[in-house]
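Novice: Sharing run.txt, compact mmCIF, C-alpha atoms and all ligand atoms:
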# COMPACT_ATOMS: atom_id res chain seq x y z
CA MET Q 21 65.07 73.50 114.08
CA PHE Q 22 65.44 76.37 111.64
CA ARG Q 23 64.58 79.86 112.88
CA LEU Q 24 63.52 81.17 109.50
CA SER Q 25 62.32 84.61 110.66
CA GLN Q 26 65.60 85.32 112.44
CA PHE Q 27 67.60 84.59 109.31
CA VAL Q 28 65.23 86.67 107.19
CA ARG Q 29 65.71 89.57 109.64
CA GLU Q 30 69.47 89.19 109.36
CA LEU Q 31 69.16 89.31 105.60
CA LEU Q 32 67.00 92.44 105.64
CA GLU Q 33 69.03 94.12 108.38
CA PRO Q 34 72.54 92.67 108.50
CA GLY Q 35 73.98 92.71 112.01
CA SER Q 36 70.58 92.75 113.72
CA GLN Q 37 70.68 89.09 114.82
CA ARG Q 38 73.26 87.24 116.86
CA LYS Q 39 75.20 84.58 114.98
CA PRO Q 40 74.08 81.15 116.22
CA GLY Q 41 76.51 79.83 118.83
CA VAL Q 42 77.24 76.52 120.50
CA PRO Q 43 74.71 75.81 123.29
CA PRO Q 44 75.98 74.65 126.72
CA GLY Q 45 74.26 71.26 126.40
CA PRO Q 46 71.69 69.41 124.31
CA VAL Q 47 68.05 70.38 124.13
CA VAL Q 48 66.01 67.45 125.48
CA ILE Q 49 62.67 66.48 124.03
CA TRP Q 50 61.09 64.23 126.60
CA ASN Q 51 58.12 62.04 125.70
CA LEU Q 52 56.94 61.54 129.27
CA ILE Q 53 53.88 59.49 128.35
CA ARG Q 54 52.86 57.56 125.27
CA ARG Q 55 49.15 57.45 125.98
CA CYS Q 56 47.12 59.89 123.92
CA ASN Q 57 43.46 60.71 123.41
CA LEU Q 58 44.05 61.05 119.64
CA LEU Q 59 45.33 58.62 117.03
CA CYS Q 60 46.95 60.86 114.41
CA LYS Q 61 47.89 59.43 111.04
CA HIS Q 62 51.45 60.74 111.18
CA CYS Q 63 52.28 60.12 114.85
CA TYR Q 64 55.95 59.18 115.29
CA SER Q 65 55.36 57.91 118.84
CA ILE Q 66 52.57 55.54 117.67
CA SER Q 67 50.47 56.80 120.54
CA ALA Q 68 46.99 55.51 121.37
CA ASP Q 69 44.43 55.75 124.15
CA THR Q 70 45.81 52.95 126.27
CA ASN Q 71 48.21 52.69 129.19
CA PHE Q 72 51.79 51.84 128.26
CA LYS Q 73 53.57 49.85 130.95
CA GLY Q 74 56.94 50.71 132.47
CA GLU Q 75 56.88 54.49 132.18
CA LEU Q 76 59.08 56.54 134.50
CA ASN Q 77 57.34 57.52 137.74
CA THR Q 78 57.44 60.99 139.30
CA GLU Q 79 60.42 60.29 141.52
CA GLU Q 80 62.44 58.84 138.65
CA ALA Q 81 61.55 61.78 136.43
CA LEU Q 82 62.62 64.27 139.13
CA THR Q 83 65.99 62.50 139.44
CA VAL Q 84 66.44 62.81 135.67
CA LEU Q 85 65.59 66.52 135.87
CA ASN Q 86 68.36 67.18 138.39
CA ASP Q 87 70.84 65.42 136.14
CA LEU Q 88 69.68 67.49 133.13
CA LYS Q 89 70.25 70.65 135.12
CA GLN Q 90 73.78 69.59 136.07
CA PHE Q 91 74.45 68.69 132.46
CA LYS Q 92 73.52 72.27 131.48
CA VAL Q 93 70.56 71.29 129.34
CA PRO Q 94 69.33 74.71 128.18
CA ALA Q 95 65.81 73.71 127.13
CA LEU Q 96 63.37 70.93 127.76
CA ILE Q 97 60.24 70.15 125.76
CA LEU Q 98 57.73 68.02 127.66
CA SER Q 99 55.88 65.94 125.13
CA GLY Q 100 54.12 62.62 124.59
CA GLY Q 101 51.73 61.05 123.69
CA GLU Q 102 49.58 63.69 125.23
CA PRO Q 103 51.52 65.12 128.20
CA LEU Q 104 48.36 66.49 129.82
CA MET Q 105 47.26 62.88 130.42
CA ARG Q 106 50.08 62.52 132.91
CA PRO Q 107 48.78 63.53 136.36
CA ASP Q 108 52.18 64.85 137.52
CA ILE Q 109 52.90 66.87 134.35
CA HIS Q 110 52.76 70.29 136.03
CA GLN Q 111 54.73 69.08 139.03
CA LEU Q 112 57.50 68.10 136.61
CA GLY Q 113 57.08 71.29 134.59
CA MET Q 114 57.39 73.42 137.71
CA ALA Q 115 60.40 71.45 138.93
CA ALA Q 116 62.14 72.05 135.59
CA LYS Q 117 61.34 75.76 135.79
CA GLU Q 118 62.64 75.96 139.36
CA LEU Q 119 65.89 74.46 138.13
CA GLY Q 120 66.11 77.33 135.67
CA ILE Q 121 65.58 75.25 132.53
CA TYR Q 122 63.59 76.79 129.65
CA THR Q 123 60.53 74.52 129.61
CA GLY Q 124 58.03 74.06 126.81
CA LEU Q 125 54.87 71.97 126.75
CA SER Q 126 54.02 70.18 123.52
CA THR Q 127 50.31 69.33 123.43
CA ASN Q 128 47.44 68.63 121.05
CA GLY Q 129 45.47 71.14 123.13
CA THR Q 130 42.23 69.16 123.23
CA LEU Q 131 42.44 68.63 126.99
CA ILE Q 132 42.98 72.29 127.86
CA ASN Q 133 39.79 73.84 129.20
CA GLU Q 134 38.39 76.26 131.78
CA SER Q 135 38.98 73.80 134.60
CA ASN Q 136 42.75 73.40 134.13
CA ILE Q 137 43.92 76.60 132.43
CA ASP Q 138 44.86 78.25 135.75
CA GLU Q 139 46.97 75.26 136.68
CA ILE Q 140 48.74 75.39 133.31
CA ALA Q 141 49.37 79.12 133.69
CA ALA Q 142 50.65 78.60 137.25
CA ALA Q 143 53.14 75.97 136.09
CA GLY Q 144 54.91 78.82 134.27
CA TYR Q 145 55.81 77.10 130.99
CA ASP Q 146 57.94 79.30 128.78
CA TYR Q 147 55.98 78.17 125.77
CA VAL Q 148 52.98 75.99 124.99
CA GLY Q 149 52.99 74.51 121.48
CA ILE Q 150 49.59 73.44 120.19
CA SER Q 151 49.22 71.37 117.02
CA LEU Q 152 46.80 72.48 114.30
CA ASP Q 153 47.24 70.60 111.05
CA GLY Q 154 44.58 72.29 108.97
CA LEU Q 155 41.19 73.91 109.14
CA ARG Q 156 38.33 72.07 110.87
CA ASP Q 157 37.60 69.15 108.53
CA THR Q 158 41.20 68.59 107.49
CA HIS Q 159 42.51 68.74 111.05
CA ASP Q 160 39.83 66.41 112.40
CA ALA Q 161 40.52 63.87 109.63
CA PHE Q 162 44.30 64.13 110.17
CA ARG Q 163 43.89 63.75 113.92
CA ARG Q 164 41.10 61.22 113.51
CA LYS Q 165 38.76 62.87 115.97
CA GLU Q 166 35.72 64.95 115.22
CA GLY Q 167 35.74 68.13 117.29
CA ALA Q 168 39.53 68.09 117.79
CA PHE Q 169 39.97 71.34 115.83
CA ASP Q 170 37.40 73.24 117.89
CA ASP Q 171 38.89 71.97 121.15
CA SER Q 172 42.44 72.89 120.13
CA LEU Q 173 41.41 76.32 118.90
CA HIS Q 174 39.60 76.92 122.18
CA ALA Q 175 42.80 75.90 123.99
CA VAL Q 176 44.83 78.44 122.01
CA LYS Q 177 42.42 81.20 123.01
CA LEU Q 178 42.39 80.14 126.67
CA CYS Q 179 46.19 80.10 126.80
CA LEU Q 180 46.47 83.52 125.16
CA ASP Q 181 43.88 84.96 127.57
CA ALA Q 182 45.88 83.51 130.46
CA GLY Q 183 49.01 85.27 129.21
CA ILE Q 184 50.81 82.09 128.13
CA LYS Q 185 53.16 82.23 125.14
CA VAL Q 186 51.61 80.01 122.49
CA GLY Q 187 52.89 78.61 119.22
CA LEU Q 188 50.92 76.82 116.51
CA ARG Q 189 52.48 73.71 114.97
CA PHE Q 190 51.52 72.45 111.55
CA THR Q 191 52.89 69.20 110.08
CA ILE Q 192 52.78 69.48 106.31
CA THR Q 193 51.71 66.59 104.09
CA ALA Q 194 50.16 66.28 100.63
CA GLY Q 195 46.75 66.20 102.33
CA ASN Q 196 46.86 69.52 104.20
CA SER Q 197 49.41 71.74 102.42
CA HIS Q 198 46.62 73.65 100.67
CA GLU Q 199 45.51 75.02 104.05
CA LEU Q 200 48.90 76.20 105.30
CA THR Q 201 48.22 79.81 104.23
CA ASP Q 202 44.88 79.74 106.07
CA LEU Q 203 46.58 78.51 109.20
CA VAL Q 204 49.21 81.24 109.02
CA GLN Q 205 46.39 83.76 108.64
CA LEU Q 206 44.53 82.18 111.56
CA SER Q 207 47.60 82.47 113.76
CA GLU Q 208 47.84 86.15 112.85
CA ASP Q 209 44.14 86.74 113.55
CA LEU Q 210 44.51 85.06 116.93
CA GLY Q 211 47.61 87.09 117.80
CA VAL Q 212 49.86 84.02 118.05
CA ASP Q 213 53.44 85.09 117.45
CA LYS Q 214 55.09 81.73 116.82
CA PHE Q 215 54.37 79.38 113.93
CA TYR Q 216 56.20 76.10 113.55
CA LEU Q 217 56.12 74.28 110.24
CA SER Q 218 57.01 70.65 110.82
CA HIS Q 219 58.02 68.63 107.77
CA LEU Q 220 56.92 65.01 107.86
CA ASN Q 221 59.43 62.65 109.36
CA TYR Q 222 59.50 58.95 108.61
CA ALA Q 223 58.99 57.44 112.04
CA GLY Q 224 56.15 55.47 113.61
CA ARG Q 225 52.84 56.03 111.80
CA GLY Q 226 54.58 58.87 109.92
CA ASN Q 227 56.79 56.21 108.33
CA LYS Q 228 53.91 53.88 107.59
CA ASN Q 229 52.10 56.78 105.92
CA ARG Q 230 55.16 58.35 104.32
CA GLY Q 231 53.43 58.10 100.95
CA ASP Q 232 51.41 61.12 102.17
CA ASP Q 233 54.55 63.27 102.33
CA ALA Q 234 54.33 66.61 100.52
CA PHE Q 235 55.77 66.78 96.99
CA HIS Q 236 59.01 68.73 96.67
CA ARG Q 237 57.21 71.41 94.64
CA THR Q 238 54.67 71.81 97.46
CA THR Q 239 57.41 72.14 100.06
CA ARG Q 240 59.14 74.81 97.99
CA ASP Q 241 55.89 76.76 97.70
CA ALA Q 242 55.31 76.44 101.45
CA VAL Q 243 58.76 77.77 102.33
CA ASP Q 244 58.40 80.58 99.76
CA MET Q 245 55.19 81.59 101.45
CA LEU Q 246 56.81 81.62 104.91
CA ILE Q 247 59.72 83.73 103.63
CA GLU Q 248 57.25 86.22 102.14
CA GLN Q 249 55.30 86.32 105.40
CA ALA Q 250 58.48 86.84 107.43
CA ILE Q 251 59.40 89.78 105.19
CA LYS Q 252 55.93 91.26 105.53
CA ASP Q 253 56.10 90.85 109.32
CA HIS Q 254 59.44 92.64 109.37
CA GLU Q 255 58.08 95.52 107.29
CA ASN Q 256 55.05 95.80 109.58
CA GLY Q 257 57.09 95.56 112.78
CA PHE Q 258 55.28 92.33 113.74
CA MET Q 259 57.74 90.18 115.68
CA ARG Q 260 56.28 86.81 114.75
CA ASP Q 261 58.62 83.83 114.57
CA PHE Q 262 58.39 81.33 111.77
CA VAL Q 263 60.33 78.24 112.69
CA THR Q 264 60.62 75.02 110.70
CA GLY Q 265 61.66 71.53 111.71
CA ASN Q 266 62.66 68.18 110.18
CA ASN Q 267 63.97 69.53 106.90
CA ASP Q 268 67.22 71.47 107.22
CA ALA Q 269 67.26 71.99 103.46
CA ASP Q 270 65.10 75.00 104.38
CA GLY Q 271 68.36 76.80 105.30
CA VAL Q 272 69.88 76.07 101.90
CA TYR Q 273 66.64 77.11 100.22
CA LEU Q 274 66.72 80.47 102.01
CA TYR Q 275 70.32 80.96 100.86
CA GLN Q 276 69.24 80.27 97.26
CA TRP Q 277 66.42 82.76 97.70
CA ALA Q 278 68.90 85.34 98.99
CA LEU Q 279 71.18 84.77 95.98
CA LYS Q 280 68.29 85.73 93.72
CA ASN Q 281 66.82 88.57 95.76
CA PHE Q 282 69.72 90.02 97.80
CA PRO Q 283 72.85 88.82 95.99
CA ASP Q 284 75.13 91.29 97.78
CA ARG Q 285 74.05 89.96 101.19
CA ALA Q 286 73.80 86.25 100.39
CA GLU Q 287 77.34 85.38 101.54
CA HIS Q 288 76.79 87.17 104.83
CA LEU Q 289 73.64 85.12 105.33
CA ARG Q 290 75.54 81.96 104.41
CA GLU Q 291 78.02 82.59 107.24
CA HIS Q 292 75.14 82.77 109.70
CA LEU Q 293 73.62 79.61 108.23
CA ILE Q 294 76.89 77.72 108.54
CA ALA Q 295 77.18 78.83 112.18
CA TRP Q 296 73.72 77.30 112.70
CA GLY Q 297 74.93 74.11 111.01
CA GLY Q 298 71.64 72.40 110.20
CA ASN Q 299 70.63 69.09 111.64
CA GLN Q 300 71.73 68.57 115.25
CA SER Q 301 70.43 65.08 116.05
CA GLY Q 302 72.84 63.40 118.44
CA ARG Q 303 74.69 66.67 118.97
CA TYR Q 304 72.51 69.38 120.46
CA ILE Q 305 69.16 67.62 120.09
CA SER Q 306 68.39 64.58 122.19
CA ASN Q 307 65.42 62.53 123.27
CA ILE Q 308 64.22 60.56 126.26
CA ASP Q 309 61.20 58.33 125.62
CA ASN Q 310 58.41 57.34 128.01
CA LEU Q 311 60.37 54.30 129.23
CA GLY Q 312 63.52 56.31 129.95
CA ASN Q 313 65.37 55.19 126.81
CA VAL Q 314 67.70 57.80 125.36
CA HIS Q 315 67.79 58.35 121.57
CA PRO Q 316 69.70 60.66 119.17
CA ASP Q 317 66.40 62.50 118.59
CA THR Q 318 62.64 61.93 118.83
CA PHE Q 319 62.43 60.11 115.51
CA TRP Q 320 65.14 57.55 116.31
CA TRP Q 321 63.23 55.29 118.71
CA GLU Q 322 64.62 52.34 116.74
CA HIS Q 323 68.06 53.29 118.03
CA THR Q 324 68.65 53.34 121.80
CA LEU Q 325 71.77 54.70 123.48
CA GLY Q 326 70.94 53.69 127.06
CA ASN Q 327 68.29 54.01 129.74
CA VAL Q 328 68.13 56.64 132.48
CA ARG Q 329 67.13 53.98 135.02
CA GLU Q 330 70.54 52.40 134.55
CA LYS Q 331 72.76 55.42 133.92
CA PRO Q 332 72.23 59.17 134.16
CA PHE Q 333 71.34 60.89 130.89
CA SER Q 334 74.53 62.97 131.17
CA GLU Q 335 76.67 59.84 131.18
CA ILE Q 336 74.79 58.18 128.34
CA TRP Q 337 75.08 61.32 126.22
CA SER Q 338 78.74 62.10 126.91
CA GLN Q 339 80.32 58.69 127.36
CA SER Q 340 78.60 56.56 124.78
CA ASP Q 341 80.73 54.58 122.32
CA ASP Q 342 77.71 54.10 120.09
CA GLN Q 343 78.73 54.11 116.43
CA LEU Q 344 75.72 56.00 115.06
CA LEU Q 345 76.11 58.67 117.76
CA SER Q 346 79.78 59.19 116.93
CA GLU Q 347 78.90 59.44 113.24
CA PHE Q 348 76.26 62.08 114.06
CA ARG Q 349 79.04 64.04 115.79
CA MET Q 350 81.58 63.76 112.96
CA GLN Q 351 82.44 66.96 111.06
CA PRO Q 352 81.51 66.47 108.31
CA ARG Q 353 79.11 63.57 108.74
CA PRO Q 354 79.79 60.49 106.56
CA LEU Q 355 77.08 61.29 104.03
CA LYS Q 356 76.54 59.31 100.86
CA GLY Q 357 74.66 59.67 97.57
CA ARG Q 358 73.38 63.09 96.65
CA CYS Q 359 73.91 64.42 100.20
CA GLY Q 360 77.53 63.18 100.12
CA VAL Q 361 78.46 65.34 97.11
CA CYS Q 362 76.25 68.32 97.94
CA GLN Q 363 78.14 71.62 98.01
CA GLN Q 364 75.74 73.07 100.59
CA ARG Q 365 75.96 70.36 103.22
CA ASP Q 366 77.85 72.68 105.56
CA ILE Q 367 74.53 74.53 105.90
CA CYS Q 368 72.07 71.67 106.39
CA GLY Q 369 74.43 69.23 108.13
CA GLY Q 370 73.08 66.44 105.91
CA ASN Q 371 69.44 67.05 106.82
CA THR Q 372 67.23 64.39 108.42
CA ARG Q 373 68.96 61.03 108.64
CA VAL Q 374 66.02 58.96 109.78
CA ARG Q 375 64.29 59.36 106.41
CA ALA Q 376 67.39 58.00 104.66
CA PHE Q 377 67.49 55.15 107.16
CA GLN Q 378 63.84 54.21 106.63
CA LEU Q 379 64.22 54.24 102.85
CA TYR Q 380 67.64 52.71 102.36
CA LYS Q 381 68.33 51.04 105.74
CA ASP Q 382 71.46 53.19 105.83
CA ALA Q 383 71.46 56.32 108.01
CA TRP Q 384 74.03 58.01 105.75
CA GLU Q 385 72.28 57.68 102.42
CA GLU Q 386 70.67 60.72 100.84
CA ASP Q 387 67.63 62.35 102.43
CA PRO Q 388 64.71 61.77 100.04
CA ALA Q 389 62.99 64.94 101.26
CA CYS Q 390 65.75 67.28 100.10
CA TYR Q 391 63.80 69.42 97.66
CA LEU Q 392 66.67 71.43 96.19
CA THR Q 393 67.64 71.04 92.54
CA ASP Q 394 71.05 69.71 91.46
CA ASP Q 395 71.99 73.23 90.35
CA GLU Q 396 71.09 74.65 93.74
CA ILE Q 397 73.34 72.18 95.56
CA GLY Q 398 76.13 72.47 92.97
CA VAL Q 399 76.18 68.88 91.78
CA ASP Q 400 76.05 67.06 88.50
CA PRO Q 401 73.75 64.01 88.59
CA SER Q 402 76.64 61.82 87.37
CA MET Q 403 78.43 62.58 90.68
CA TYR Q 404 75.92 60.54 92.62
CA SER Q 405 74.15 58.36 90.06
CA GLU Q 406 77.45 56.82 88.90
CA ARG Q 407 78.13 55.53 92.38
CA ILE Q 408 74.67 53.99 92.59
CA ASN Q 409 75.19 52.34 89.16
CA MET Q 410 78.59 51.00 90.19
CA GLU Q 411 77.14 49.64 93.42
CA ALA Q 412 74.34 47.97 91.47
CA MET Q 413 76.91 46.31 89.17
CA GLY Q 414 79.18 45.24 92.04
C1 LIG E 1 54.20 63.45 119.06
S1 LIG E 1 53.35 64.96 119.29
C2 LIG E 1 53.14 64.97 121.05
C3 LIG E 1 52.42 66.18 121.58
C4 LIG E 1 50.93 66.26 121.28
N1 LIG E 1 50.28 65.02 121.44
C5 LIG E 1 50.67 66.85 119.91
O1 LIG E 1 50.20 66.16 119.02
O2 LIG E 1 50.98 68.02 119.74
C6 LIG E 1 54.56 66.28 119.06
C7 LIG E 1 54.52 66.98 117.70
O3 LIG E 1 55.11 66.11 116.74
C8 LIG E 1 54.36 66.20 115.55
N2 LIG E 1 54.57 64.94 114.84
C9 LIG E 1 54.11 63.73 115.15
N3 LIG E 1 54.52 62.80 114.28
C10 LIG E 1 55.29 63.46 113.37
C11 LIG E 1 56.01 63.04 112.22
N4 LIG E 1 56.01 61.78 111.83
N5 LIG E 1 56.70 63.97 111.52
C12 LIG E 1 56.69 65.27 111.92
N6 LIG E 1 56.04 65.73 113.01
C13 LIG E 1 55.35 64.82 113.73
C14 LIG E 1 52.94 66.39 116.04
O4 LIG E 1 52.10 66.89 115.02
C15 LIG E 1 53.16 67.35 117.17
O5 LIG E 1 53.15 68.67 116.71
S1 LIG E 2 50.69 63.34 117.25
FE1 LIG E 2 50.21 63.92 119.33
S2 LIG E 2 47.95 63.99 119.40
FE2 LIG E 2 48.51 62.83 117.63
S3 LIG E 2 48.47 60.66 118.31
FE3 LIG E 2 50.60 61.44 118.42
S4 LIG E 2 50.85 62.09 120.47
FE4 LIG E 2 48.62 61.96 120.07
Kindly present the structure from the file in structure tokens form.

Specialist:
Amino acid sequence: MFRLSQFVRELLEPGSQRKPGVPPGPVVIWNLIRRCNLLCKHCYSISADTNFKGELNTEEALTVLNDLKQFKVPALILSGGEPLMRPDIHQLGMAAKELGIYTGLSTNGTLINESNIDEIAAAGYDYVGISLDGLRDTHDAFRRKEGAFDDSLHAVKLCLDAGIKVGLRFTITAGNSHELTDLVQLSEDLGVDKFYLSHLNYAGRGNKNRGDDAFHRTTRDAVDMLIEQAIKDHENGFMRDFVTGNNDADGVYLYQWALKNFPDRAEHLREHLIAWGGNQSGRYISNIDNLGNVHPDTFWWEHTLGNVREKPFSEIWSQSDDQLLSEFRMQPRPLKGRCGVCQQRDICGGNTRVRAFQLYKDAWEEDPACYLTDDEIGVDPSMYSERINMEAMG
């Protein structure tokens, strides 16, 4: 996750933001249920409106929570499927909060209404993230349900009225990028102070439909727009947070932007970006799926490290001899291709490995969604194309 606004603030006012540090434990994204009332085109969890057998029960989930607390997990995101379809969701949310863990709820929002908003507010989530992937028609087509946009928008308003911190989440593809600016404006009009731009990841239906991914040019325009908005917010004293996910090249892109616009401060920014370190899958980002399987992150369901029914999460995460996990934790990671020769990989950490895996069946190949030019990453095409040619010959 890239906290774009924070880095922009540091660029505009050096010394105003703390340098990113090492967290005490991994953030856990927990897909507690796979059932969902929607059937989105890009869904990495391949959710559908049906019961999935073998999910963790309340007691098992509470045992996991205690282990997460002892393992110093700083933040937990309760997700799905649609987490509000799980009857014990708020019991688990409240238990996590009582343990002192920062707890977010990740929801499509369509099931939030007048009858359950008080319960959601009482659970005390630190943050409720609601997905909106476009304006009405685009969102409904993306989420494959007519009326989904209106229901989610209503949910945003109900949460804000109830004093809950809300964030909008927008997954960008070629089919909805033209409405990103409208969504940013909508978030401002609503008074939502967190906007999360999620780049498409190649997992589940998102992998099947990866042909819908945004073009590199489109991604560059989108990030340019967010940088401009973050600057405008800073000038207007509006403390809105723009955060991006699933494309750590955003950090390198911001550095390139700084070189052009604030050359005397670019190296200072770079130090902060290196301290952030880019992609943290398998390091400070982890995932537990609905069946209790532990993965290096939410998009790696094809790679399981263990199951919390057999071993505590803490043990799986700290004592695994899994090869992929140890490679994720290498400094630097064993990157290949264009990523392997990139001069900026200390910022992005090699970006999102699952896309490389889905394309090349090798987790360490280059990330196809890196949208930076060869000049921007300090490489000559012969540095990576030669290797590919030699491999083809051999
Ligand atoms: C799997 S959903 C679960 C929570 C809830 N059902 C929702 O849609 O918000 C969590 C978030 O991941 C996003 N997402 C799903 N598949 C994705 C993919 N392939 N790439 C990037 N983001 C994805 C969704 O848009 C949503 O914001
Ligand atoms: S992205 Fe969320 S709302 Fe859409 S199908 Fe997946 S779990 Fe359901």

Novice: Dump the neighbourhood of ligand LIG 2 (chain E) as an mmCIF file with C-alpha atoms, in the frame of the given file: all residues within 7 Å, distances computed on only C-alpha atoms and all ligand atoms.

Specialist:
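New file result_28.cif:
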data_model
loop_
_atom_site.group_PDB
_atom_site.id
_atom_site.type_symbol
_atom_site.label_atom_id
_atom_site.label_comp_id
_atom_site.auth_asym_id
_atom_site.auth_seq_id
_atom_site.Cartn_x
_atom_site.Cartn_y
_atom_site.Cartn_z
ATOM 1 C CA ARG Q 54 52.860 57.560 125.270
ATOM 2 C CA CYS Q 56 47.120 59.890 123.920
ATOM 3 C CA ASN Q 57 43.460 60.710 123.410
ATOM 4 C CA LEU Q 58 44.050 61.050 119.640
ATOM 5 C CA LEU Q 59 45.330 58.620 117.030
ATOM 6 C CA CYS Q 60 46.950 60.860 114.410
ATOM 7 C CA HIS Q 62 51.450 60.740 111.180
ATOM 8 C CA CYS Q 63 52.280 60.120 114.850
ATOM 9 C CA TYR Q 64 55.950 59.180 115.290
ATOM 10 C CA SER Q 65 55.360 57.910 118.840
ATOM 11 C CA ILE Q 66 52.570 55.540 117.670
ATOM 12 C CA SER Q 67 50.470 56.800 120.540
ATOM 13 C CA ALA Q 68 46.990 55.510 121.370
ATOM 14 C CA GLY Q 100 54.120 62.620 124.590
ATOM 15 C CA GLY Q 101 51.730 61.050 123.690
ATOM 16 C CA GLU Q 102 49.580 63.690 125.230
ATOM 17 C CA THR Q 127 50.310 69.330 123.430
ATOM 18 C CA ASN Q 128 47.440 68.630 121.050
ATOM 19 C CA ARG Q 163 43.890 63.750 113.920
#

Novice: Which residues, written as an MDAnalysis selection string, have at least one atom at most 7 Å from range 148-151 of chain Q, with only C-alpha atoms counted and residues fewer than 5 positions away on the same chain left out?

Specialist: chainID Q and resid 124:129 185:190

Novice: Nearest to Leu206 in chain Q: which of Q:Asp233, Q:Asp171, Q:Asp153, Q:Glu347 is it, counting all atoms listed in the file?

Specialist: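 The shortest atom-to-atom distance to Leu206 in chain Q comes from Q:Asp153.
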
Novice: Kindly indicate which residue among Q:Phe215, Q:Leu203, Q:Leu274, Q:Arg375 lies nearest to Lys228 in chain Q, using only C-alpha atoms for the distances.

Specialist: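 Smallest distance to Lys228 in chain Q is found for Q:Arg375.
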
Novice: Would you mind telling me which residue in Q:Thr324, Q:Gln339, Q:Gln300, Q:Thr372 lies nearest to ligand LIG 1 (chain E) when using only C-alpha atoms and all ligand atoms?

Specialist: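 Among the listed residues, Q:Thr372 lies closest to ligand LIG 1 (chain E).
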
Novice: Could you check which of Q:Pro103, Q:Gly211, Q:Gly224, Q:Gly360 is closest to Ile132 in chain Q, using all atoms listed in the file?

Specialist: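 Smallest separation from Ile132 in chain Q among the options: Q:Pro103.
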
Novice: Of the candidates Q:Asp400, Q:Asp232, Q:Asp382, Q:Asp108, which one gets nearest to ligand LIG 1 (chain E) if we count all atoms listed in the file?

Specialist: Q:Asp232
